[in-house]
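Next comes entry-v3.pdb, with PDB, C-alpha atoms.
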ATOM      1  CA  MET S   1       0.000   0.000   0.000
ATOM      2  CA  ARG S   2       2.701   2.387   0.995
ATOM      3  CA  THR S   3       4.668   1.407  -2.102
ATOM      4  CA  ILE S   4       1.672   2.172  -4.292
ATOM      5  CA  GLN S   5       1.241   5.556  -2.633
ATOM      6  CA  ARG S   6       4.912   6.331  -3.076
ATOM      7  CA  THR S   7       4.680   5.324  -6.743
ATOM      8  CA  LEU S   8       1.693   7.600  -7.262
ATOM      9  CA  VAL S   9       3.443  10.551  -5.636
ATOM     10  CA  ALA S  10       6.576   9.899  -7.674
ATOM     11  CA  ASP S  11       4.474   9.638 -10.834
ATOM     12  CA  ARG S  12       2.694  12.914 -10.127
ATOM     13  CA  ALA S  13       6.041  14.656  -9.745
ATOM     14  CA  LEU S  14       7.301  13.018 -12.937
ATOM     15  CA  ILE S  15       4.190  14.014 -14.901
ATOM     16  CA  ARG S  16       4.488  17.607 -13.672
ATOM     17  CA  ASP S  17       8.165  17.804 -14.626
ATOM     18  CA  VAL S  18       7.620  16.208 -18.022
ATOM     19  CA  ALA S  19       4.702  18.565 -18.687
ATOM     20  CA  ALA S  20       6.902  21.584 -17.944
ATOM     21  CA  LEU S  21       9.558  20.377 -20.357
ATOM     22  CA  SER S  22       6.936  19.531 -22.985
ATOM     23  CA  VAL S  23       5.634  23.105 -22.962
ATOM     24  CA  ALA S  24       9.183  24.339 -23.569
ATOM     25  CA  ALA S  25       9.690  21.742 -26.313
ATOM     26  CA  ALA S  26       6.474  22.846 -28.033
ATOM     27  CA  ALA S  27       7.677  26.456 -27.982
ATOM     28  CA  VAL S  28      11.009  25.507 -29.549
ATOM     29  CA  GLY S  29       9.117  23.343 -32.064
ATOM     30  CA  ALA S  30       7.029  26.365 -33.017
ATOM     31  CA  SER S  31      10.163  28.339 -33.710
ATOM     32  CA  PHE S  32      11.431  25.441 -35.834
ATOM     33  CA  GLY S  33       8.275  25.486 -37.951
ATOM     34  CA  ALA S  34       8.507  29.231 -38.391
ATOM     35  CA  ILE S  35      12.222  29.185 -39.267
ATOM     36  CA  ALA S  36      11.799  26.337 -41.769
ATOM     37  CA  VAL S  37       9.091  28.211 -43.649
ATOM     38  CA  ALA S  38      11.088  31.457 -43.506
ATOM     39  CA  ALA S  39      14.067  29.565 -44.984
ATOM     40  CA  GLY S  40      11.911  28.685 -47.989
ATOM     41  CA  LEU S  41      11.168  25.031 -47.214
ATOM     42  CA  PRO S  42       7.762  23.705 -48.310
ATOM     43  CA  ALA S  43       5.105  23.344 -45.620
ATOM     44  CA  TRP S  44       4.948  19.525 -45.857
ATOM     45  CA  SER S  45       8.603  19.223 -44.921
ATOM     46  CA  VAL S  46       7.978  20.553 -41.386
ATOM     47  CA  PRO S  47       5.693  17.734 -40.149
ATOM     48  CA  ALA S  48       7.737  15.260 -42.224
ATOM     49  CA  MET S  49      10.908  16.231 -40.363
ATOM     50  CA  SER S  50       9.329  16.497 -36.920
ATOM     51  CA  THR S  51       7.624  13.086 -37.117
ATOM     52  CA  LEU S  52      10.262  11.102 -39.048
ATOM     53  CA  ILE S  53      13.518  12.612 -37.740
ATOM     54  CA  PHE S  54      12.225  13.847 -34.338
ATOM     55  CA  ALA S  55      15.533  15.381 -33.272
ATOM     56  CA  GLY S  56      15.524  19.134 -32.730
ATOM     57  CA  GLY S  57      19.238  19.794 -33.109
ATOM     58  CA  ALA S  58      19.512  17.886 -36.394
ATOM     59  CA  GLN S  59      16.333  19.495 -37.729
ATOM     60  CA  PHE S  60      17.546  23.053 -37.085
ATOM     61  CA  MET S  61      20.929  22.188 -38.564
ATOM     62  CA  ALA S  62      19.342  20.625 -41.656
ATOM     63  CA  VAL S  63      17.211  23.703 -42.307
ATOM     64  CA  GLY S  64      20.271  25.936 -42.053
ATOM     65  CA  LEU S  65      22.372  23.805 -44.393
ATOM     66  CA  LEU S  66      19.520  23.237 -46.863
ATOM     67  CA  ALA S  67      18.916  26.975 -47.000
ATOM     68  CA  ALA S  68      22.638  27.396 -47.686
ATOM     69  CA  GLY S  69      22.263  24.956 -50.590
ATOM     70  CA  ASN S  70      24.240  22.118 -49.035
ATOM     71  CA  PRO S  71      21.989  19.010 -48.749
ATOM     72  CA  VAL S  72      24.856  16.510 -48.416
ATOM     73  CA  ALA S  73      26.263  18.430 -45.461
ATOM     74  CA  ALA S  74      22.759  18.546 -43.960
ATOM     75  CA  VAL S  75      22.642  14.738 -43.904
ATOM     76  CA  LEU S  76      26.219  14.165 -42.738
ATOM     77  CA  ALA S  77      26.136  16.838 -40.030
ATOM     78  CA  GLY S  78      22.732  15.683 -38.798
ATOM     79  CA  LEU S  79      23.858  12.067 -38.545
ATOM     80  CA  LEU S  80      27.070  13.037 -36.767
ATOM     81  CA  LEU S  81      24.959  15.017 -34.309
ATOM     82  CA  ASN S  82      22.638  12.046 -33.734
ATOM     83  CA  ALA S  83      25.283   9.320 -33.390
ATOM     84  CA  ARG S  84      25.089   9.813 -29.603
ATOM     85  CA  HIS S  85      21.773   7.935 -29.677
ATOM     86  CA  LEU S  86      23.664   4.650 -30.073
ATOM     87  CA  PRO S  87      25.352   4.811 -26.646
ATOM     88  CA  PHE S  88      22.109   6.269 -25.256
ATOM     89  CA  GLY S  89      20.260   3.198 -26.560
ATOM     90  CA  LEU S  90      22.739   0.910 -24.844
ATOM     91  CA  ALA S  91      22.155   2.749 -21.565
ATOM     92  CA  VAL S  92      18.325   2.810 -21.632
ATOM     93  CA  ALA S  93      17.603  -0.477 -23.480
ATOM     94  CA  ASP S  94      16.038  -2.084 -20.402
ATOM     95  CA  ALA S  95      13.665   0.864 -19.983
ATOM     96  CA  VAL S  96      12.558   0.669 -23.631
ATOM     97  CA  GLY S  97      11.632  -2.992 -23.183
ATOM     98  CA  GLY S  98      12.692  -6.352 -24.587
ATOM     99  CA  ARG S  99       9.826  -7.081 -26.979
ATOM    100  CA  TRP S 100      10.143  -6.099 -30.608
ATOM    101  CA  PRO S 101       7.057  -3.833 -30.848
ATOM    102  CA  ALA S 102       8.334  -1.890 -27.820
ATOM    103  CA  ARG S 103      11.866  -1.688 -29.227
ATOM    104  CA  LEU S 104      10.744  -0.576 -32.697
ATOM    105  CA  LEU S 105       8.386   2.106 -31.381
ATOM    106  CA  GLY S 106      10.269   3.089 -28.244
ATOM    107  CA  SER S 107      13.576   3.650 -30.033
ATOM    108  CA  HIS S 108      12.006   6.405 -32.114
ATOM    109  CA  LEU S 109      11.020   8.296 -28.926
ATOM    110  CA  MET S 110      14.641   8.528 -27.721
ATOM    111  CA  THR S 111      15.862  12.067 -27.073
ATOM    112  CA  ASP S 112      18.412  13.641 -24.724
ATOM    113  CA  GLU S 113      15.635  14.595 -22.309
ATOM    114  CA  THR S 114      14.021  11.144 -22.434
ATOM    115  CA  VAL S 115      17.364   9.569 -21.530
ATOM    116  CA  ALA S 116      18.003  12.107 -18.763
ATOM    117  CA  PHE S 117      14.569  11.605 -17.187
ATOM    118  CA  THR S 118      14.961   7.819 -17.457
ATOM    119  CA  LEU S 119      18.403   7.584 -15.881
ATOM    120  CA  ALA S 120      17.295   9.915 -13.060
ATOM    121  CA  GLN S 121      14.855   7.234 -11.841
ATOM    122  CA  PRO S 122      16.094   4.955  -9.055
ATOM    123  CA  ASP S 123      14.429   1.640 -10.023
ATOM    124  CA  PRO S 124      13.766  -0.329 -13.248
ATOM    125  CA  ALA S 125       9.972   0.108 -13.143
ATOM    126  CA  GLY S 126      10.364   3.858 -12.658
ATOM    127  CA  ARG S 127      12.879   4.053 -15.497
ATOM    128  CA  ARG S 128      10.464   2.284 -17.788
ATOM    129  CA  ARG S 129       7.574   4.625 -16.910
ATOM    130  CA  ALA S 130       9.813   7.672 -17.230
ATOM    131  CA  TYR S 131      11.118   6.618 -20.648
ATOM    132  CA  TRP S 132       7.714   6.087 -22.199
ATOM    133  CA  LEU S 133       6.007   9.032 -20.524
ATOM    134  CA  THR S 134       8.768  11.476 -21.448
ATOM    135  CA  GLY S 135       9.202  10.072 -24.949
ATOM    136  CA  ALA S 136       5.505  10.095 -25.834
ATOM    137  CA  SER S 137       4.861  13.482 -24.252
ATOM    138  CA  LEU S 138       7.809  15.164 -25.976
ATOM    139  CA  PHE S 139       6.873  13.556 -29.315
ATOM    140  CA  VAL S 140       3.348  14.954 -29.148
ATOM    141  CA  ALA S 141       4.475  18.371 -27.874
ATOM    142  CA  TRP S 142       7.274  18.710 -30.427
ATOM    143  CA  ASN S 143       5.030  17.813 -33.360
ATOM    144  CA  LEU S 144       2.155  20.039 -32.253
ATOM    145  CA  GLY S 145       4.650  22.856 -31.692
ATOM    146  CA  CYS S 146       6.145  22.443 -35.161
ATOM    147  CA  LEU S 147       2.660  22.544 -36.723
ATOM    148  CA  ALA S 148       1.788  25.641 -34.704
ATOM    149  CA  GLY S 149       4.942  27.328 -35.939
ATOM    150  CA  LEU S 150       4.005  26.434 -39.479
ATOM    151  CA  ALA S 151       0.603  28.070 -39.007
ATOM    152  CA  LEU S 152       1.809  31.124 -37.105
ATOM    153  CA  GLY S 153       4.913  31.761 -39.204
ATOM    154  CA  ALA S 154       6.876  34.885 -38.417
ATOM    155  CA  THR S 155       4.656  35.834 -35.455
ATOM    156  CA  VAL S 156       6.456  33.147 -33.416
ATOM    157  CA  GLY S 157       9.138  34.915 -31.432
ATOM    158  CA  ASP S 158      12.772  33.933 -31.135
ATOM    159  CA  PRO S 159      12.964  31.274 -28.388
ATOM    160  CA  ALA S 160      16.092  32.975 -27.058
ATOM    161  CA  ALA S 161      13.989  36.053 -26.204
ATOM    162  CA  PHE S 162      12.110  33.854 -23.706
ATOM    163  CA  GLY S 163      15.331  32.325 -22.431
ATOM    164  CA  LEU S 164      14.400  28.848 -23.685
ATOM    165  CA  ASP S 165      17.995  28.277 -24.772
ATOM    166  CA  ALA S 166      18.925  28.432 -21.072
ATOM    167  CA  ALA S 167      15.976  26.283 -19.962
ATOM    168  CA  PHE S 168      17.071  23.107 -21.729
ATOM    169  CA  PRO S 169      20.672  22.849 -20.465
ATOM    170  CA  ALA S 170      19.454  23.783 -16.966
ATOM    171  CA  GLY S 171      16.821  21.046 -17.131
ATOM    172  CA  LEU S 172      19.362  18.462 -18.297
ATOM    173  CA  LEU S 173      21.769  19.413 -15.508
ATOM    174  CA  ALA S 174      18.982  19.286 -12.912
ATOM    175  CA  LEU S 175      18.169  15.741 -14.016
ATOM    176  CA  LEU S 176      21.860  14.774 -13.936
ATOM    177  CA  LEU S 177      22.567  16.295 -10.545
ATOM    178  CA  PRO S 178      21.504  13.352  -8.354
ATOM    179  CA  SER S 179      23.825  10.980 -10.234
ATOM    180  CA  LEU S 180      26.626  13.568  -9.991
ATOM    181  CA  ARG S 181      26.609  13.114  -6.216
ATOM    182  CA  ASP S 182      28.449   9.871  -6.972
ATOM    183  CA  ARG S 183      32.164  10.718  -7.088
ATOM    184  CA  GLN S 184      33.004   8.485 -10.007
ATOM    185  CA  THR S 185      30.110   9.700 -12.159
ATOM    186  CA  ARG S 186      31.077  13.272 -11.344
ATOM    187  CA  ALA S 187      34.669  12.676 -12.473
ATOM    188  CA  VAL S 188      33.635  10.976 -15.733
ATOM    189  CA  ALA S 189      30.949  13.548 -16.574
ATOM    190  CA  GLY S 190      33.153  16.488 -15.590
ATOM    191  CA  LEU S 191      36.054  15.390 -17.767
ATOM    192  CA  GLY S 192      33.673  14.559 -20.632
ATOM    193  CA  ALA S 193      31.979  17.956 -20.460
ATOM    194  CA  ALA S 194      35.343  19.745 -20.323
ATOM    195  CA  ILE S 195      36.603  17.851 -23.386
ATOM    196  CA  ALA S 196      33.412  18.700 -25.288
ATOM    197  CA  VAL S 197      33.512  22.414 -24.454
ATOM    198  CA  LEU S 198      37.224  22.781 -25.252
ATOM    199  CA  THR S 199      36.972  20.943 -28.592
ATOM    200  CA  THR S 200      33.773  22.694 -29.735
ATOM    201  CA  PRO S 201      35.623  25.592 -31.461
ATOM    202  CA  LEU S 202      37.832  23.092 -33.332
ATOM    203  CA  LEU S 203      35.534  20.274 -34.479
ATOM    204  CA  PRO S 204      32.274  19.932 -36.435
ATOM    205  CA  ALA S 205      29.114  19.928 -34.288
ATOM    206  CA  GLY S 206      28.300  16.558 -32.764
ATOM    207  CA  LEU S 207      31.867  15.304 -32.549
ATOM    208  CA  PRO S 208      32.766  17.190 -29.330
ATOM    209  CA  VAL S 209      29.829  15.589 -27.503
ATOM    210  CA  LEU S 210      30.891  12.130 -28.709
ATOM    211  CA  LEU S 211      34.439  12.839 -27.512
ATOM    212  CA  ALA S 212      32.962  13.272 -24.033
ATOM    213  CA  LEU S 213      33.006   9.469 -23.890
ATOM    214  CA  LEU S 214      36.752   9.866 -23.342
ATOM    215  CA  GLY S 215      35.722  10.969 -19.851
ATOM    216  CA  LEU S 216      35.457   7.250 -19.129
ATOM    217  CA  LEU S 217      39.270   7.196 -19.169
ATOM    218  CA  VAL S 218      39.013   8.476 -15.596
ATOM    219  CA  LEU S 219      38.071   4.923 -14.697
ATOM    220  CA  ALA S 220      41.390   3.674 -16.035
ATOM    221  CA  VAL S 221      43.321   6.173 -13.957
ATOM    222  CA  ARG S 222      41.151   5.741 -10.902
ATOM    223  CA  PRO S 223      40.267   2.065 -10.984
ATOM    224  CA  GLY S 224      37.341   0.590  -9.159
ATOM    225  CA  ILE S 225      34.336  -0.022 -11.383
ATOM    226  CA  PRO S 226      31.258   1.472  -9.688
ATOM    227  CA  GLU S 227      29.833  -1.122  -7.341
ATOM    228  CA  ARG S 228      26.193  -0.302  -7.808
ATOM    229  CA  GLY S 229      23.726   2.546  -7.955
ATOM    230  CA  ALA S 230      25.758   4.470 -10.520
ATOM    231  CA  ALA S 231      22.639   4.661 -12.660
TER     232      ALA S 231
ATOM    233  CA  MET N   1      16.186  16.230 -53.222
ATOM    234  CA  LEU N   2      14.569  17.549 -50.048
ATOM    235  CA  ILE N   3      12.689  14.328 -49.489
ATOM    236  CA  ALA N   4      15.929  12.353 -49.896
ATOM    237  CA  VAL N   5      17.603  14.503 -47.232
ATOM    238  CA  ILE N   6      14.688  14.038 -44.833
ATOM    239  CA  LEU N   7      14.543  10.283 -45.394
ATOM    240  CA  ALA N   8      18.311   9.846 -45.045
ATOM    241  CA  LEU N   9      18.278  11.747 -41.756
ATOM    242  CA  ALA N  10      15.214   9.853 -40.540
ATOM    243  CA  VAL N  11      16.546   6.399 -41.414
ATOM    244  CA  GLY N  12      20.053   7.136 -40.116
ATOM    245  CA  THR N  13      18.832   8.612 -36.832
ATOM    246  CA  TYR N  14      16.418   5.738 -36.292
ATOM    247  CA  ALA N  15      19.219   3.255 -37.016
ATOM    248  CA  PHE N  16      21.377   4.843 -34.303
ATOM    249  CA  ARG N  17      18.476   4.788 -31.846
ATOM    250  CA  LEU N  18      17.408   1.210 -32.547
ATOM    251  CA  SER N  19      20.880  -0.324 -32.781
ATOM    252  CA  GLY N  20      21.837   0.752 -29.256
ATOM    253  CA  VAL N  21      18.622  -0.731 -27.863
ATOM    254  CA  VAL N  22      19.017  -4.000 -29.784
ATOM    255  CA  LEU N  23      22.777  -4.357 -29.332
ATOM    256  CA  ARG N  24      22.467  -4.232 -25.547
ATOM    257  CA  ASP N  25      20.909  -7.697 -25.613
ATOM    258  CA  ARG N  26      22.795  -9.058 -28.614
ATOM    259  CA  LEU N  27      26.243  -8.186 -27.396
ATOM    260  CA  ASP N  28      27.048 -10.223 -24.355
ATOM    261  CA  LEU N  29      28.657  -7.276 -22.646
ATOM    262  CA  PRO N  30      30.892  -8.100 -19.695
ATOM    263  CA  ALA N  31      29.399  -7.004 -16.385
ATOM    264  CA  GLY N  32      32.041  -4.304 -15.950
ATOM    265  CA  LEU N  33      31.222  -2.684 -19.260
ATOM    266  CA  ARG N  34      27.511  -2.898 -18.568
ATOM    267  CA  ARG N  35      27.989  -0.962 -15.339
ATOM    268  CA  VAL N  36      29.853   1.723 -17.239
ATOM    269  CA  LEU N  37      26.945   2.412 -19.637
ATOM    270  CA  PRO N  38      25.086   4.818 -17.317
ATOM    271  CA  LEU N  39      28.393   6.628 -16.793
ATOM    272  CA  ALA N  40      28.816   6.943 -20.560
ATOM    273  CA  ALA N  41      25.307   8.366 -20.877
ATOM    274  CA  ALA N  42      25.997  10.783 -18.009
ATOM    275  CA  ALA N  43      29.163  11.982 -19.765
ATOM    276  CA  LEU N  44      27.246  12.565 -23.021
ATOM    277  CA  LEU N  45      24.400  14.407 -21.281
ATOM    278  CA  ALA N  46      26.815  16.543 -19.263
ATOM    279  CA  ALA N  47      28.678  17.396 -22.471
ATOM    280  CA  LEU N  48      25.427  18.299 -24.229
ATOM    281  CA  ALA N  49      24.328  20.507 -21.345
ATOM    282  CA  ALA N  50      27.747  22.175 -20.986
ATOM    283  CA  THR N  51      28.162  22.922 -24.699
ATOM    284  CA  ALA N  52      24.544  24.105 -24.979
ATOM    285  CA  ALA N  53      25.036  26.345 -21.942
ATOM    286  CA  LEU N  54      28.390  27.853 -22.898
ATOM    287  CA  MET N  55      28.876  27.662 -26.667
ATOM    288  CA  GLU N  56      27.172  29.178 -29.691
ATOM    289  CA  ASN N  57      28.310  28.357 -33.240
ATOM    290  CA  GLY N  58      31.710  27.160 -32.058
ATOM    291  CA  ALA N  59      32.487  30.213 -29.894
ATOM    292  CA  PHE N  60      31.600  31.171 -26.345
ATOM    293  CA  ALA N  61      27.974  32.245 -25.948
ATOM    294  CA  GLY N  62      27.140  35.605 -24.386
ATOM    295  CA  VAL N  63      26.381  36.268 -20.736
ATOM    296  CA  ALA N  64      22.627  35.760 -20.552
ATOM    297  CA  ARG N  65      22.412  32.055 -21.337
ATOM    298  CA  PRO N  66      25.270  30.823 -19.098
ATOM    299  CA  ALA N  67      23.957  33.030 -16.268
ATOM    300  CA  GLY N  68      20.454  31.594 -16.685
ATOM    301  CA  VAL N  69      21.787  28.047 -16.629
ATOM    302  CA  LEU N  70      23.878  28.840 -13.552
ATOM    303  CA  VAL N  71      20.815  30.121 -11.673
ATOM    304  CA  GLY N  72      18.982  26.941 -12.642
ATOM    305  CA  VAL N  73      21.823  24.705 -11.469
ATOM    306  CA  VAL N  74      22.109  26.509  -8.122
ATOM    307  CA  LEU N  75      18.369  26.038  -7.586
ATOM    308  CA  ALA N  76      18.635  22.361  -8.554
ATOM    309  CA  TRP N  77      21.553  21.988  -6.133
ATOM    310  CA  ARG N  78      19.325  23.426  -3.393
ATOM    311  CA  ARG N  79      16.801  20.737  -4.388
ATOM    312  CA  ALA N  80      14.264  23.153  -5.848
ATOM    313  CA  PRO N  81      11.502  21.554  -7.935
ATOM    314  CA  PHE N  82      12.417  20.829 -11.548
ATOM    315  CA  ILE N  83       9.846  23.268 -12.915
ATOM    316  CA  ALA N  84      11.333  26.069 -10.783
ATOM    317  CA  VAL N  85      14.785  25.260 -12.175
ATOM    318  CA  VAL N  86      13.616  25.455 -15.782
ATOM    319  CA  VAL N  87      11.501  28.575 -15.327
ATOM    320  CA  ALA N  88      14.172  30.427 -13.328
ATOM    321  CA  ALA N  89      16.847  29.622 -15.919
ATOM    322  CA  ALA N  90      14.655  30.887 -18.754
ATOM    323  CA  ALA N  91      13.494  33.980 -16.854
ATOM    324  CA  THR N  92      17.046  34.949 -15.869
ATOM    325  CA  ALA N  93      18.306  34.669 -19.452
ATOM    326  CA  ALA N  94      15.264  36.527 -20.822
ATOM    327  CA  LEU N  95      15.573  39.365 -18.282
ATOM    328  CA  LEU N  96      19.315  39.766 -18.862
ATOM    329  CA  ARG N  97      18.673  40.018 -22.609
ATOM    330  CA  LEU N  98      15.910  42.506 -21.975
ATOM    331  CA  ALA N  99      18.481  44.527 -20.033
ATOM    332  CA  GLY N 100      20.661  44.526 -23.114
ATOM    333  CA  LEU N 101      23.228  41.849 -22.267
ATOM    334  CA  PRO N 102      24.149  39.450 -25.082
TER     335      PRO N 102
END

Representation of the structure as structure tokens:
Amino acid sequence: MRTIQRTLVADRALIRDVAALSVAAAAVGASFGAIAVAAGLPAWSVPAMSTLIFAGGAQFMAVGLLAAGNPVAAVLAGLLLNARHLPFGLAVADAVGGRWPARLLGSHLMTDETVAFTLAQPDPAGRRRAYWLTGASLFVAWNLGCLAGLALGATVGDPAAFGLDAAFPAGLLALLLPSLRDRQTRAVAGLGAAIAVLTTPLLPAGLPVLLALLGLLVLAVRPGIPERGAA
Amino acid sequence: MLIAVILALAVGTYAFRLSGVVLRDRLDLPAGLRRVLPLAAAALLAALAATAALMENGAFAGVARPAGVLVGVVLAWRRAPFIAVVVAAAATAALLRLAGLP
């Protein structure tokens, strides 16, 4: 009984947090729709990108490179940016589920925020709920936002004017913070983040974040694989 | 042309997403490596957050965004609710820009 109550309370908090992030995602989606149309892309391409690609960073980058007349770069840069989903998939596979329908559908819902919300949960059942709730909610919000931006066009403001560009990194860090209380995780993540920031001026987008995996080298210097609860 | 770009990005991104999920079971990862996976994800997410907070088009971003993120992180550190973290970060950045800071 107490477990059920605790689950319900935890779920309410999760739903509230996911809802807050979904509103922000919809607003950024709206700016994507507006920017795509302003860049001269046909209207159908906005829902096509937001449903089929469903990755904000790659979508914005593709619009910029397509507008600059460089479709090959749009594909290569977008895929480089999204390669991080492979290690993400390895980390959240148990939350997605083991059956094929769940894997095929759930994989498409994978985003940075979905992974962050999932890994912030303490137990497997909570991770599973968090993955699907966050993934589905962000998918709906992002697509509705993109459509709204398509309809509203230039009247959609710049998301930076509302500070949304600060909201997303802050949200990610807030979700990461509990796991950063573990010394080993903090060392790995800190070195990884430092590598990414320092290499960003030198390398194409996407690569610096992948290089953050080199943060795992801390484990070689400071041996002692995490015993448990590193998740 | 446009449809080819969209499909290539969609198929490639989906392949990355699905292959991680499927490989986890297919590869018989040693227990040590399996325990490292959450650490790898934490490193990637920290790198995403740090570059998004500090960098813009390969150079350092202005003042408003990093300051907003910092306010959010301090609140999160003090165990403020997630929604307060997100709203405070956005409001700080928006107000600083309104005041004319980059």

Taking a cut-off of 7 Å and counting only C-alpha atoms, can you build a table that, for each residue of chain N near chain S, reports the nearest atom pair and how far apart they are in Å (one decimal), sorted by chain then residue number, as JSON lines?
{"residue": "N:Val5", "atom": "CA", "partner": "S:Val75", "partner_atom": "CA", "distance": 6.0}
{"residue": "N:Ile6", "atom": "CA", "partner": "S:Met49", "partner_atom": "CA", "distance": 6.3}
{"residue": "N:Ala8", "atom": "CA", "partner": "S:Val75", "partner_atom": "CA", "distance": 6.6}
{"residue": "N:Leu9", "atom": "CA", "partner": "S:Val75", "partner_atom": "CA", "distance": 5.7}
{"residue": "N:Ala10", "atom": "CA", "partner": "S:Ile53", "partner_atom": "CA", "distance": 4.3}
{"residue": "N:Gly12", "atom": "CA", "partner": "S:Leu79", "partner_atom": "CA", "distance": 6.4}
{"residue": "N:Thr13", "atom": "CA", "partner": "S:Asn82", "partner_atom": "CA", "distance": 6.0}
{"residue": "N:Tyr14", "atom": "CA", "partner": "S:His108", "partner_atom": "CA", "distance": 6.1}
{"residue": "N:Phe16", "atom": "CA", "partner": "S:Leu86", "partner_atom": "CA", "distance": 4.8}
{"residue": "N:Arg17", "atom": "CA", "partner": "S:His85", "partner_atom": "CA", "distance": 5.0}
{"residue": "N:Leu18", "atom": "CA", "partner": "S:Ser107", "partner_atom": "CA", "distance": 5.2}
{"residue": "N:Ser19", "atom": "CA", "partner": "S:Leu86", "partner_atom": "CA", "distance": 6.3}
{"residue": "N:Gly20", "atom": "CA", "partner": "S:Gly89", "partner_atom": "CA", "distance": 4.0}
{"residue": "N:Val21", "atom": "CA", "partner": "S:Gly89", "partner_atom": "CA", "distance": 4.5}
{"residue": "N:Leu23", "atom": "CA", "partner": "S:Leu90", "partner_atom": "CA", "distance": 6.9}
{"residue": "N:Arg24", "atom": "CA", "partner": "S:Leu90", "partner_atom": "CA", "distance": 5.2}
{"residue": "N:Gly32", "atom": "CA", "partner": "S:Ile225", "partner_atom": "CA", "distance": 6.7}
{"residue": "N:Arg35", "atom": "CA", "partner": "S:Pro226", "partner_atom": "CA", "distance": 7.0}
{"residue": "N:Leu37", "atom": "CA", "partner": "S:Ala91", "partner_atom": "CA", "distance": 5.2}
{"residue": "N:Pro38", "atom": "CA", "partner": "S:Ala231", "partner_atom": "CA", "distance": 5.3}
{"residue": "N:Leu39", "atom": "CA", "partner": "S:Thr185", "partner_atom": "CA", "distance": 5.8}
{"residue": "N:Ala40", "atom": "CA", "partner": "S:Leu213", "partner_atom": "CA", "distance": 5.9}
{"residue": "N:Ala41", "atom": "CA", "partner": "S:Phe88", "partner_atom": "CA", "distance": 5.8}
{"residue": "N:Ala42", "atom": "CA", "partner": "S:Ala189", "partner_atom": "CA", "distance": 5.9}
{"residue": "N:Ala43", "atom": "CA", "partner": "S:Ala189", "partner_atom": "CA", "distance": 4.0}
{"residue": "N:Leu44", "atom": "CA", "partner": "S:Ala212", "partner_atom": "CA", "distance": 5.8}
{"residue": "N:Leu45", "atom": "CA", "partner": "S:Asp112", "partner_atom": "CA", "distance": 6.9}
{"residue": "N:Ala46", "atom": "CA", "partner": "S:Ala193", "partner_atom": "CA", "distance": 5.5}
{"residue": "N:Ala47", "atom": "CA", "partner": "S:Ala193", "partner_atom": "CA", "distance": 3.9}
{"residue": "N:Leu48", "atom": "CA", "partner": "S:Val209", "partner_atom": "CA", "distance": 6.1}
{"residue": "N:Ala49", "atom": "CA", "partner": "S:Pro169", "partner_atom": "CA", "distance": 4.4}
{"residue": "N:Ala50", "atom": "CA", "partner": "S:Ala193", "partner_atom": "CA", "distance": 6.0}
{"residue": "N:Thr51", "atom": "CA", "partner": "S:Val197", "partner_atom": "CA", "distance": 5.4}
{"residue": "N:Ala52", "atom": "CA", "partner": "S:Pro169", "partner_atom": "CA", "distance": 6.1}
{"residue": "N:Ala53", "atom": "CA", "partner": "S:Pro169", "partner_atom": "CA", "distance": 5.8}
{"residue": "N:Gly58", "atom": "CA", "partner": "S:Pro201", "partner_atom": "CA", "distance": 4.3}
{"residue": "N:Ala59", "atom": "CA", "partner": "S:Pro201", "partner_atom": "CA", "distance": 5.8}
{"residue": "N:Arg65", "atom": "CA", "partner": "S:Ala166", "partner_atom": "CA", "distance": 5.0}
{"residue": "N:Gly68", "atom": "CA", "partner": "S:Ala166", "partner_atom": "CA", "distance": 5.6}
{"residue": "N:Val69", "atom": "CA", "partner": "S:Ala170", "partner_atom": "CA", "distance": 4.9}
{"residue": "N:Gly72", "atom": "CA", "partner": "S:Ala170", "partner_atom": "CA", "distance": 5.4}
{"residue": "N:Val73", "atom": "CA", "partner": "S:Ala170", "partner_atom": "CA", "distance": 6.1}
{"residue": "N:Ala76", "atom": "CA", "partner": "S:Ala174", "partner_atom": "CA", "distance": 5.3}
{"residue": "N:Phe82", "atom": "CA", "partner": "S:Asp17", "partner_atom": "CA", "distance": 6.1}
{"residue": "N:Ile83", "atom": "CA", "partner": "S:Asp17", "partner_atom": "CA", "distance": 6.0}
{"residue": "N:Val85", "atom": "CA", "partner": "S:Gly171", "partner_atom": "CA", "distance": 6.8}
{"residue": "N:Val86", "atom": "CA", "partner": "S:Ala167", "partner_atom": "CA", "distance": 4.9}
{"residue": "N:Val87", "atom": "CA", "partner": "S:Ala167", "partner_atom": "CA", "distance": 6.8}
{"residue": "N:Ala89", "atom": "CA", "partner": "S:Ala167", "partner_atom": "CA", "distance": 5.3}
{"residue": "N:Ala90", "atom": "CA", "partner": "S:Gly163", "partner_atom": "CA", "distance": 4.0}
{"residue": "N:Ala91", "atom": "CA", "partner": "S:Gly163", "partner_atom": "CA", "distance": 6.1}
{"residue": "N:Ala93", "atom": "CA", "partner": "S:Gly163", "partner_atom": "CA", "distance": 4.8}
{"residue": "N:Ala94", "atom": "CA", "partner": "S:Gly163", "partner_atom": "CA", "distance": 4.5}

**Message:** If the PyMOL selection byres ((chain S and resi 133) around 10) were run on this exact file, what residues would it hold? Put them as a PyMOL selection string.
**Reply:** chain S and resi 11+14-15+18-19+109+114+117-118+127-132+134-139

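Proximity of S:Val218, S:Gly157, S:Arg181, S:Ala151 to Trp44 in chain S, computed with only C-alpha atoms, is greatest for S:Ala151.
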
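Across the model, the gap from CA of Ala31 in chain N to CA of Asp182 in chain S is 19.3 Å.
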
Draw an axis-aligned box over all listed atoms of range 148-163 of chain S, pad each side with 8 Å, and write its centre and edge lengths in Å, one decimal, as JSON.
{"center_x": 8.3, "center_y": 30.8, "center_z": -31.0, "size_x": 31.5, "size_y": 26.4, "size_z": 33.0}
